[in-house]
Structures are given as structure tokens and as C-alpha cells.
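Peer 1: I'd like to ask some things about the structure below.
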Amino acid sequence: MQQMYTKRRNRWLEEYIGRTFAVVCGWLIVLITVTMIIFLAVKGIQSFTDSRLSLSDMLLSAQWDPNGTPPRYGALIFIVGSMLVSLGALLISAPIALALAIFMNFIAPKWFVSLLKPVLELLVGIPSVVYGWLGVTILVPLLREWFGGSGFSLLAGIIVLSMMILPTITSVAADALANVPMAYMEASYGLGSTRWQAISRVIVPAAKAGIATGVVLGLARAFGEALAVQMVIGNTIKLPSGLDSPTATLTSILTMDMANTINGTPWNNALWTLALILLLISFFFIAVIRLVGSGKER
Amino acid sequence: MTARMIDKVWTGIFYAVAAAVIGLLIFFFAVVLSKGAGFWQPEFLFGRPSNTQAGGGIGPQLINSFYMLVVTLLLSVPLSLGAGIYLAEYAKQGRIVGFIRLCLEAMASLPSIVVGLFGLLAFVTLTGWGYTLLGGALAVTIINLPGLTRICETAILDVPSNIKEGSLALGATRWQTLIKAVLPAAIPQIVTGVILSAGRIFGEAAVFIYTAGLTTPMLRLDADWGSPTNPLNVFRPAETLTVHIWKLNSEGIVPDAKLIAAKSAAVLMVAVLLFNLAARLASSLLARHFSGGRRARRGREERNKAA
């Protein structure tokens with residue numbers, strides 16, 4: 001009798017400990033996220049509180065000259081560079097990704113799909129430095145031959161990024177297309193449409209919220225990618241004059257300069273503000289995705 | 001052009017796009033493996049790097065990458081399993097879960113360089129550790145946590161509810177049900193997910209630059225536990241293989257920096273391939289093991305024998 005009693009107690013103790021562990025893990029996620037936001041926000045606003053830089057100057061001026069007299073900390077070049085390189089990548093990648101997603105869902109024979117899926121998984125798995133390395137060894141010399149100059153350019157960054165975000169957009173778009181009820185396709189066939197007509201006029205419009213989510217996710221990934229872009233974009237601190245001209249991005253300047261500056265100096269503080277801007281932009285993307293998602297449910 | 005012909009043309013375009021993407025991947029592998037030919041030589045894989053002469057290896061960087069992977073998995077698997085269990089089993093649907101999901105989404109969307117900079121604030125400066133392997137592992141755990149939590153949660157939710165109900169009906173507690181009935185059924189999916197995210201940890205780079213650092217001390221197996229030259233000490237700077245490629249590209253002064261970068265890239269590509277194959281293998285093997293395929297077969301054989 002005594003033995004049974006202790007056994008039962010242990011069982012509930014186990015239950016209690018297990019449950020506590022799970023709850024702690026769940027809340028740890030909240031704790032980490034909030035800590036990250038607080039740390040980066042506190043550090044990021046030091047440019048304005050400690051170093052007295054002006055916010056409008058930082059966001060709107062294209063003069064970045066930390067060593068000049070007076071030093072200037074306009075981040076416009078990096079913000080524009082990041083935007084151009086990720087939007088450019090999206091322009092190449094989104095149509096290809098949509099085509100792949102359509103192909104996998106409605107056109108490809110089964111064996112082709114089972115070939116394509118591991119290919120996309122491998123493309124996701126290739127590390128960003130390897131993409132950067134491929135850009136430096138293959139793409140940059142090619143661009144140098146075609147356009148002259150150094151080859152390190154906005155275009156090189158766009159092409160490398162477009163390959164990196166392709167699998168992300170494809171997989172989200174493919175899921176969205178797979179969720180369109182088969183009846184839509186059948187109804188469309190029943191009305192005498194061809195496969196292309198059914199896909200382009202019925203299926204894709206029906207899945208447009210999901211496809212948009214994939215596109216924004218791809219954009220977010222492109223915006224935050226650091227090393228691959230830094231390796232091929234040339235890192236010249238000026239606004240690009242064309243696709244073949246080198247420039248810099250938020251991530252590339254952070255990668256290169258954070259270690260070269262001393263903690264607490266205006267230069268260092270300005271870099272932390274750039275990190276905060278990156279954080280805010282990625283939150284903006286989440287907000288957009290949530291908005292698109294809530295549109296889908298309606 | 002008739003609608004039928006337009007349809008044919010588009011079908012052709014779709015096939016061409018898909019073939020081009022497959023061709024691209026093959027091209028990538030061909031380039032990396034041919035430029036990095038010779039990466040399999042033991043004196044390269046396990047040799048010491050040289051700062052001045054050609055012919056150095058990547059031994060310490062390879063060790064760092066693997067050790068970083070192990071430490072990260074030790075940190076992130078229990079945490080994300082716990083969080084996945086909480087979300088799937090214990091949390092009540094509603095505002096709180098919605099908030100946790102929002103945090104997971106926010107965490108997942110953060111660029112790895114931003115997480116690396118947070119790591120610089122939290123694990124390098126605040127703790128006073130300096131650049132350490134543990135700091136890198138903690139930072140990459142943050143990157144890895146949302147994805148892995150999602151994997152664990154879906155794996156648990158995918159377990160048929162009759163397994164759970166059967167166990168609860170026999171008088172098991174919720175935790176017992178989870179550990180002895182639900183998790184074993186969810187294991188194949190979880191293991192596959194863990195292996196795939198291991199591949200991603202192995203390839204991560206930006207987060208390590210400001211957390212694990214750009215250097216490695218001369219590693220010696222006979223060093224003290226507390227010494228930074230002990231390979232197993234987590235409180236030492238640890239340049240990973242990915243960071244090594246980046247560093248060679250931007251500031252490599254060794255005469256054969258290009259070749260070492262190419263060979264290292266080849267090692268990474270092969271590692272990616274192996275992680276993907278392992279994930280496939282694990283999912284098919286474990287699924288067979290845990291779905292009772294063997295027992296069913298044995299049962300069939302015995303019945304046949306009896307008949």
C-alpha cells in the first residue's frame with residue numbers, strides 16, 4: 001500500500017516538473033524577443049541621446065563621412081542600397097519562383113516533382129558565404145567582362161540574392177497554390193478553358209494572398225542577408241549611378257565597420273542605429289505579412 | 001494564336017524554367033567541386049592553417065564548426081522541444097499563445113547579422129566573456145529556435161489523437177502520455193527537422209563574426225580545461241569554416257587564399273549534401289521503425305506459418 005502511494009506521488013511530481021519545463025520554454029521565447037528589442041533599441045537611440053545626431057539628417061542625408069570635419073552620418077546610401085538590391089532580386093526571383101510553384105503543383109509529372117523538391121532543399125541549404133564565393137569567383141569576372149569596371153556592383157548583389165531567395169518564395173507560393181480547392185480547376189476545365197487559362201485566371205488569383213506572403217518573406221530575407229551581398233556589392237559608400245556601379249547596404253556596412261569603431265563614439269552609435277533600422281524594417285515586413293494573411297481569411 | 005497553342009507555349013516555358021533551376025544547382029556543385037578539388041586530402045581537412053605560406057589546412061575551423069553545431073543543438077533541441085510541447089499541448093488558445101507566436105515570427109524574421117549584434121551586446125560585452133564559442137552558440141540558438149519550435153509543434157500535433165486518447169483513457173497523466181505515447185510517434189519528424197536545421201547552423205556565418213570571433217587559438221589536446229587552447233573549452237574564440245571563407249575573401253594574405261576558400265566552399269557543399277541525405281535517410285528509417293512496420297510484418301509471417 002505504502003509503495004503504491006509513493007509511486008503515484010512521483011508520477012504527479014513528474015507531471016508537474018515536465019509541465020513547468022514546457023511553460024518556461026514557451027515564455028523564454030517571449031523573454032528573448034523582448035530582451036533583443038530592448039537591447040537594440042537602447043543602443044540604437046544613443047546616436048540621438050548621447051551623440052546628438054539628428055534623426056532627419058540620418059535618414060535623409062546621403063553624406064556618410066565619419067572621419068570628416070564635421071563628421072557626417074547620413075545613412076541614405078545604405079537604406080537605398082538595401083532597397084535597390086532586394087527589390088531587384090525580387091524582380092528576378094518572384095516570376096521564376098511563381099513559375100516553379102505552378103509547375104510543381106499542376107504541370108510536372110510526379111517523378112519531376114520528386115526531383116525538383118530535393119533540388120530546392122539543397123538550394124536553401126547552401127550557406128550564404130558559398131553563394132558569396134560563387135558570386136566572387138564566377139559572376140563578378142563575368143560582369144567585369146561584359147560591363148567593364150570592377151565587376152563588383154549592384155547587379156552582382158541582385159543576381160546573387162535572387163538565387164538565395166528563390167527557394168523561399170517557391171515553397172510558400174507552392175503551398176498557397178496547393179491549398180486552392182481542386183474544384184476551381186475542375187469548374188474551369190468544365191467551362192472549356194485550357195490548363196494555362198485555368199491557372200492564370202482562376203488558380204493564381206485565388207492563391208494571391210499566399211503568393212504575396214511568399215514574396216514578402218523573400219524580400220525580408222534579401223533585406224537581411226549580409227555576407228553574400230557584402231562580398232559582391234563593392235562596398236563603395238556612394239549612391240549607385242547604375243546597375244553596374246558598386247554601392248553599400250545596411251548589412252554590408254554593419255559587417256565591415258562595427259569591429260573598426262570604438263564603443264560609445266558617435267560613429268559606433270550611428271552603426272547601432274543602422275542595426276535598429278534593420279530590426280524595425282524586418283518588423284515592418286511581419287506586419288505586412290500579417291495584414292496580407294488577415295486579408296486571406298476574410 | 002489559339003488558346004490551345006498559348007497553353008502549349010506556356011507549358012514549354014514552365015518546363016524550361018524548372019530545367020534551368022535544376023541545371024543551376026548542378027552547375028553550382030560542378031564549379032565548387034572542381035575549383036575546390038583536393039579538399040578531401042587529410043592534410044587540408046585536419047592540417048593547421050598557415051598565415052604566411054601556401055599549403056595550410058582548415059583543421060581548427062572544421063573542429064570549431066562541428067563543436068559549435070554540437071553545443072548549439074544541445075542548447076536548442078531541449079528548448080525548442082519544450083516550447084513546442086507547450087504550444088501543442090499545454091497552452092490555451094487565445095491571446096497569450098497569439099503573443100508567443102508573434103514573438104516567434106519576429107524572432108524568425110530577424111536578419112542573422114542583427115542577432116549577431118545582439119549577441120555582441122549580450123554574450124560578448126555584458127557577460128565580459130569576449131568572443132567565445134559559447135556566445136556564438138547562444139546567438140545561433142536564437143536564430144534556430146523559431147524554426148525548430150515550429151517543427152516540434154507540428155510533429156506533436158500531427159500525431160493521431162487516438163494514440164493520445166488511448167493513453168489518457170488508461171489512466172496515464174498528460175506528461176506520461178506525452179513522453180511514452182505521443183513523442184515516440186513524433187520522433188521521425190522531429191529528427192528530420194533537427195538534421196535539416198543542423199545543416200543550416202553549419203552554414204550560418206554572419207551571426208558568428210561578432211560573437212565567436214575571427215580567430216582561433218592554437219588548439220592543443222593536452223591543454224588545461226580552463227586554457228583557451230583546449231579545443232573543448234567553450235570559453236575561447238572560435239572561427240568557424242564559414243567565417244573563414246569570408247575572412248579569406250576580404251583580408252586573406254596567404255598566397256593560396258583563393259584555393260583555400262574554394263576548397264573550404266567545397267567542404268561546405270559536401271556537408272550540405274550529407275545533411276540533406278541524412279535527413280532523408282533518417283525520416284524513412286525512423287518512420288518504418290516507429291510505425292510498427294516490423295511488428296506488423298512479423299505478425300503476418302507468423303500467421304502465414306500457422307496457416
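Just remember, in the C-alpha cells the first chain shown is A, the second B, etc., residues are 1-based per chain, and ligands are 1-based in the order shown.
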Hey, which bits of chain A sit within 8 Å of chain B, and for each residue what's the closest pair of atoms and how far apart in Å (one decimal), counting only C-alpha atoms, rows by chain and increasing number, as a Markdown table?
Peer 2:
| residue | atom | partner | partner_atom | distance |
| --- | --- | --- | --- | --- |
| A:Arg11 | CA | B:Thr173 | CA | 7.7 |
| A:Trp12 | CA | B:Thr173 | CA | 7.7 |
| A:Glu14 | CA | B:Trp175 | CA | 7.4 |
| A:Glu15 | CA | B:Trp175 | CA | 5.1 |
| A:Gly18 | CA | B:Trp175 | CA | 6.5 |
| A:Arg19 | CA | B:Trp175 | CA | 7.2 |
| A:Phe21 | CA | B:Gly82 | CA | 6.4 |
| A:Ala22 | CA | B:Gly82 | CA | 4.3 |
| A:Val23 | CA | B:Tyr86 | CA | 5.7 |
| A:Val24 | CA | B:Ala83 | CA | 7.8 |
| A:Cys25 | CA | B:Ala83 | CA | 4.7 |
| A:Gly26 | CA | B:Ala83 | CA | 4.3 |
| A:Trp27 | CA | B:Ile100 | CA | 7.4 |
| A:Ile29 | CA | B:Cys103 | CA | 6.8 |
| A:Val30 | CA | B:Cys103 | CA | 5.8 |
| A:Ile32 | CA | B:Ile142 | CA | 7.9 |
| A:Thr33 | CA | B:Cys103 | CA | 6.0 |
| A:Met36 | CA | B:Phe118 | CA | 6.4 |
| A:Phe39 | CA | B:Phe118 | CA | 7.1 |
| A:Leu40 | CA | B:Phe118 | CA | 6.7 |
| A:Ile96 | CA | B:Val17 | CA | 6.9 |
| A:Ala99 | CA | B:Phe14 | CA | 6.1 |
| A:Leu100 | CA | B:Ala18 | CA | 6.1 |
| A:Phe103 | CA | B:Phe14 | CA | 5.9 |
| A:Ile107 | CA | B:Thr11 | CA | 7.4 |
| A:Ala108 | CA | B:Tyr15 | CA | 7.8 |
| A:Leu116 | CA | B:Ile22 | CA | 7.1 |
| A:Val119 | CA | B:Ile22 | CA | 6.4 |
| A:Glu121 | CA | B:Asn276 | CA | 7.8 |
| A:Leu122 | CA | B:Leu273 | CA | 7.0 |
| A:Leu123 | CA | B:Leu25 | CA | 7.0 |
| A:Gly125 | CA | B:Val272 | CA | 6.0 |
| A:Ile126 | CA | B:Val272 | CA | 6.4 |
| A:Pro127 | CA | B:Gly203 | CA | 4.4 |
| A:Ser128 | CA | B:Gly203 | CA | 7.2 |
| A:Val129 | CA | B:Thr242 | CA | 6.3 |
| A:Val130 | CA | B:Ala265 | CA | 5.7 |
| A:Trp133 | CA | B:Ala265 | CA | 7.6 |
| A:Leu134 | CA | B:Val32 | CA | 7.7 |
| A:Thr194 | CA | B:Asp7 | CA | 6.5 |
| A:Arg195 | CA | B:Asp7 | CA | 6.5 |
| A:Trp196 | CA | B:Asp7 | CA | 5.0 |
| A:Gln197 | CA | B:Asp7 | CA | 7.4 |
| A:Ala220 | CA | B:Ser109 | CA | 7.2 |
| A:Arg221 | CA | B:Pro111 | CA | 7.2 |
| A:Phe223 | CA | B:Pro111 | CA | 7.9 |
| A:Gly224 | CA | B:Pro111 | CA | 4.4 |
| A:Glu225 | CA | B:Pro111 | CA | 6.6 |
| A:Ala226 | CA | B:Ala206 | CA | 6.5 |
| A:Leu227 | CA | B:Ala206 | CA | 6.2 |
| A:Met231 | CA | B:Ser250 | CA | 7.6 |
| A:Thr251 | CA | B:Ile113 | CA | 7.1 |
| A:Thr255 | CA | B:Ile113 | CA | 7.5 |
| A:Ala259 | CA | B:Tyr210 | CA | 7.8 |
| A:Ala275 | CA | B:Val114 | CA | 6.2 |
| A:Leu278 | CA | B:Val114 | CA | 7.4 |
| A:Leu279 | CA | B:Leu110 | CA | 6.6 |
| A:Ser282 | CA | B:Ser109 | CA | 6.2 |
| A:Phe283 | CA | B:Ala106 | CA | 6.5 |
| A:Ile286 | CA | B:Ala106 | CA | 7.0 |
Peer 1: Write out as a list in words each polymer residue whose atoms come within 7 Å of region 45-55 of chain A, counting only C-alpha atoms; drop sequence neighbours fewer than 6 positions from it.
Peer 2: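 The neighbour list is Pro266, Asn269, Ala270 and Thr273 of chain A.
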Peer 1: If you count only C-alpha atoms, which residues fall within 9 Å of Met185 (chain A), apart from same-chain ones fewer than 2 positions away, as a PDB file with C-alpha atoms, in the first residue's frame?
Peer 2:
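Output below, filename result.pdb:
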ATOM      1  CA  VAL A 180      -6.694  26.157 -53.766  1.00  0.00           C
ATOM      2  CA  PRO A 181      -9.605  23.685 -53.927  1.00  0.00           C
ATOM      3  CA  MET A 182      -9.349  21.264 -56.839  1.00  0.00           C
ATOM      4  CA  ALA A 183     -12.962  22.125 -57.712  1.00  0.00           C
ATOM      5  CA  ALA A 187     -15.003  24.066 -62.828  1.00  0.00           C
ATOM      6  CA  SER A 188     -12.672  25.998 -65.065  1.00  0.00           C
ATOM      7  CA  TYR A 189     -11.998  22.936 -67.240  1.00  0.00           C
ATOM      8  CA  GLY A 190     -15.729  22.313 -67.320  1.00  0.00           C
ATOM      9  CA  ARG A 195      -4.832  24.472 -68.488  1.00  0.00           C
ATOM     10  CA  ALA A 198      -7.399  27.911 -65.681  1.00  0.00           C
ATOM     11  CA  ILE A 199      -4.066  28.530 -63.959  1.00  0.00           C
ATOM     12  CA  VAL A 202      -8.557  31.139 -61.659  1.00  0.00           C
ATOM     13  CA  ILE A 203      -5.893  29.369 -59.635  1.00  0.00           C
TER      14      ILE A 203
END
Peer 1: Val124 (chain B): which residues within 10 Å, counting only C-alpha atoms, same-chain residues fewer than 5 positions away excluded, as a VMD selection string?
Peer 2: chain B and resid 117 to 119 129 to 132 134 to 136 210 to 213
Peer 1: Compile the contact shell of Ala173 (chain A) as a PyMOL selection string: residues with an atom at most 7 Å away, counting only C-alpha atoms, same-chain residues fewer than 3 positions apart removed.
Peer 2: chain A and resi 98+101+169-170+176-177+210-211+214
Peer 1: Generate the output file for the selected residues, C-alpha atoms, as a PDB file, in the first residue's frame.
Peer 2:
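Final output, saved to again_29.pdb:
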ATOM      1  CA  LEU A  98       5.859  31.509 -59.189  1.00  0.00           C
ATOM      2  CA  ALA A 101       5.373  26.678 -57.870  1.00  0.00           C
ATOM      3  CA  ILE A 169       9.313  32.234 -52.375  1.00  0.00           C
ATOM      4  CA  THR A 170       8.800  28.988 -54.291  1.00  0.00           C
ATOM      5  CA  ALA A 176      -0.589  28.541 -51.353  1.00  0.00           C
ATOM      6  CA  LEU A 177      -1.378  27.037 -54.762  1.00  0.00           C
ATOM      7  CA  GLY A 210      -0.380  33.242 -50.114  1.00  0.00           C
ATOM      8  CA  ILE A 211       1.828  34.138 -53.051  1.00  0.00           C
ATOM      9  CA  GLY A 214       5.962  34.330 -50.064  1.00  0.00           C
TER      10      GLY A 214
END
Peer 1: Work out how far CA of Val194 (chain B) is from CA of Leu73 (chain B), in Å to one decimal.
Peer 2: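 Between these atoms lies a distance of 8.2 Å.
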Peer 1: Just want the 12 Å neighbourhood of Ala222 (chain A), counted on only C-alpha atoms, with same-chain residues fewer than 5 positions away dropped. Output as a compact mmCIF listing (two decimals) with C-alpha atoms, in the first residue's frame.
Peer 2:
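Output (part_22.txt):
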# COMPACT_ATOMS: atom_id res chain seq x y z
CA GLY A 81 21.32 50.35 -51.44
CA SER A 82 19.48 47.75 -49.36
CA MET A 83 16.17 48.59 -51.01
CA LEU A 84 17.52 48.53 -54.57
CA VAL A 85 19.39 45.28 -54.14
CA SER A 86 16.48 43.42 -52.53
CA LEU A 87 13.79 44.80 -54.84
CA GLY A 88 15.99 43.96 -57.82
CA ALA A 89 16.45 40.42 -56.52
CA LEU A 90 12.69 40.13 -56.09
CA LEU A 91 12.10 41.28 -59.66
CA SER A 93 13.20 35.81 -58.42
CA SER A 128 25.39 32.26 -47.78
CA GLY A 157 24.35 41.70 -55.50
CA ILE A 158 20.94 41.46 -57.15
CA ILE A 159 21.76 38.26 -59.02
CA VAL A 160 23.33 36.52 -56.01
CA LEU A 161 20.39 37.46 -53.79
CA SER A 162 17.82 36.40 -56.38
CA MET A 163 19.20 32.86 -56.23
CA MET A 164 19.20 32.83 -52.46
CA ILE A 165 15.56 33.87 -52.08
CA LEU A 166 14.21 31.69 -54.91
CA THR A 168 11.84 30.65 -50.01
CA ILE A 169 9.31 32.23 -52.38
CA VAL A 215 7.12 37.40 -51.95
CA VAL A 216 7.32 39.50 -48.76
CA LEU A 217 9.20 36.70 -46.97
CA LEU A 227 27.78 38.33 -46.13
CA ALA A 228 26.87 37.23 -49.65
CA VAL A 229 25.89 40.80 -50.53
CA THR A 249 23.90 48.29 -47.92
CA LEU A 250 22.83 48.45 -44.28
CA THR A 251 24.05 44.91 -43.68
CA LEU A 278 17.22 46.85 -39.87
CA ILE A 281 12.29 47.08 -41.21
CA SER A 282 12.06 43.35 -40.52
CA PHE A 285 7.70 43.06 -43.09
CA SER B 109 12.36 37.32 -39.34
CA LEU B 110 15.41 38.93 -37.74
CA PRO B 111 18.43 39.10 -40.05
CA SER B 112 21.25 36.99 -38.71
Peer 1: In Å, with one decimal, what is the gap from CA of Ala178 (chain A) to CA of Ile102 (chain A)?
Peer 2: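 CA of Ile102 (chain A) lies 9.1 Å from CA of Ala178 (chain A).
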Peer 1: So how many Å separate CA of Gly38 (chain B) and CA of Leu259 (chain B), to one decimal?
Peer 2: 9.9 Å
Peer 1: Please report, as a PyMOL selection string, each residue of region 152-248 of chain A to which DSSP assigns alpha helix (DSSP H) when run on this structure's backbone.
Peer 2: chain A and resi 154-178+182-190+195-198+204-206+208-224+227-232
Peer 1: Report as a list in words all protein, DNA and RNA residues lying within 10 Å of Arg72 (chain A), evaluated on only C-alpha atoms, omitting residues in the same chain fewer than 6 positions from it.
Peer 2: Leu53, Asp57, Met58, Ser61, Ala62, Gln63, Trp64, Asp65, Pro66, Pro266 and Trp267 of chain A
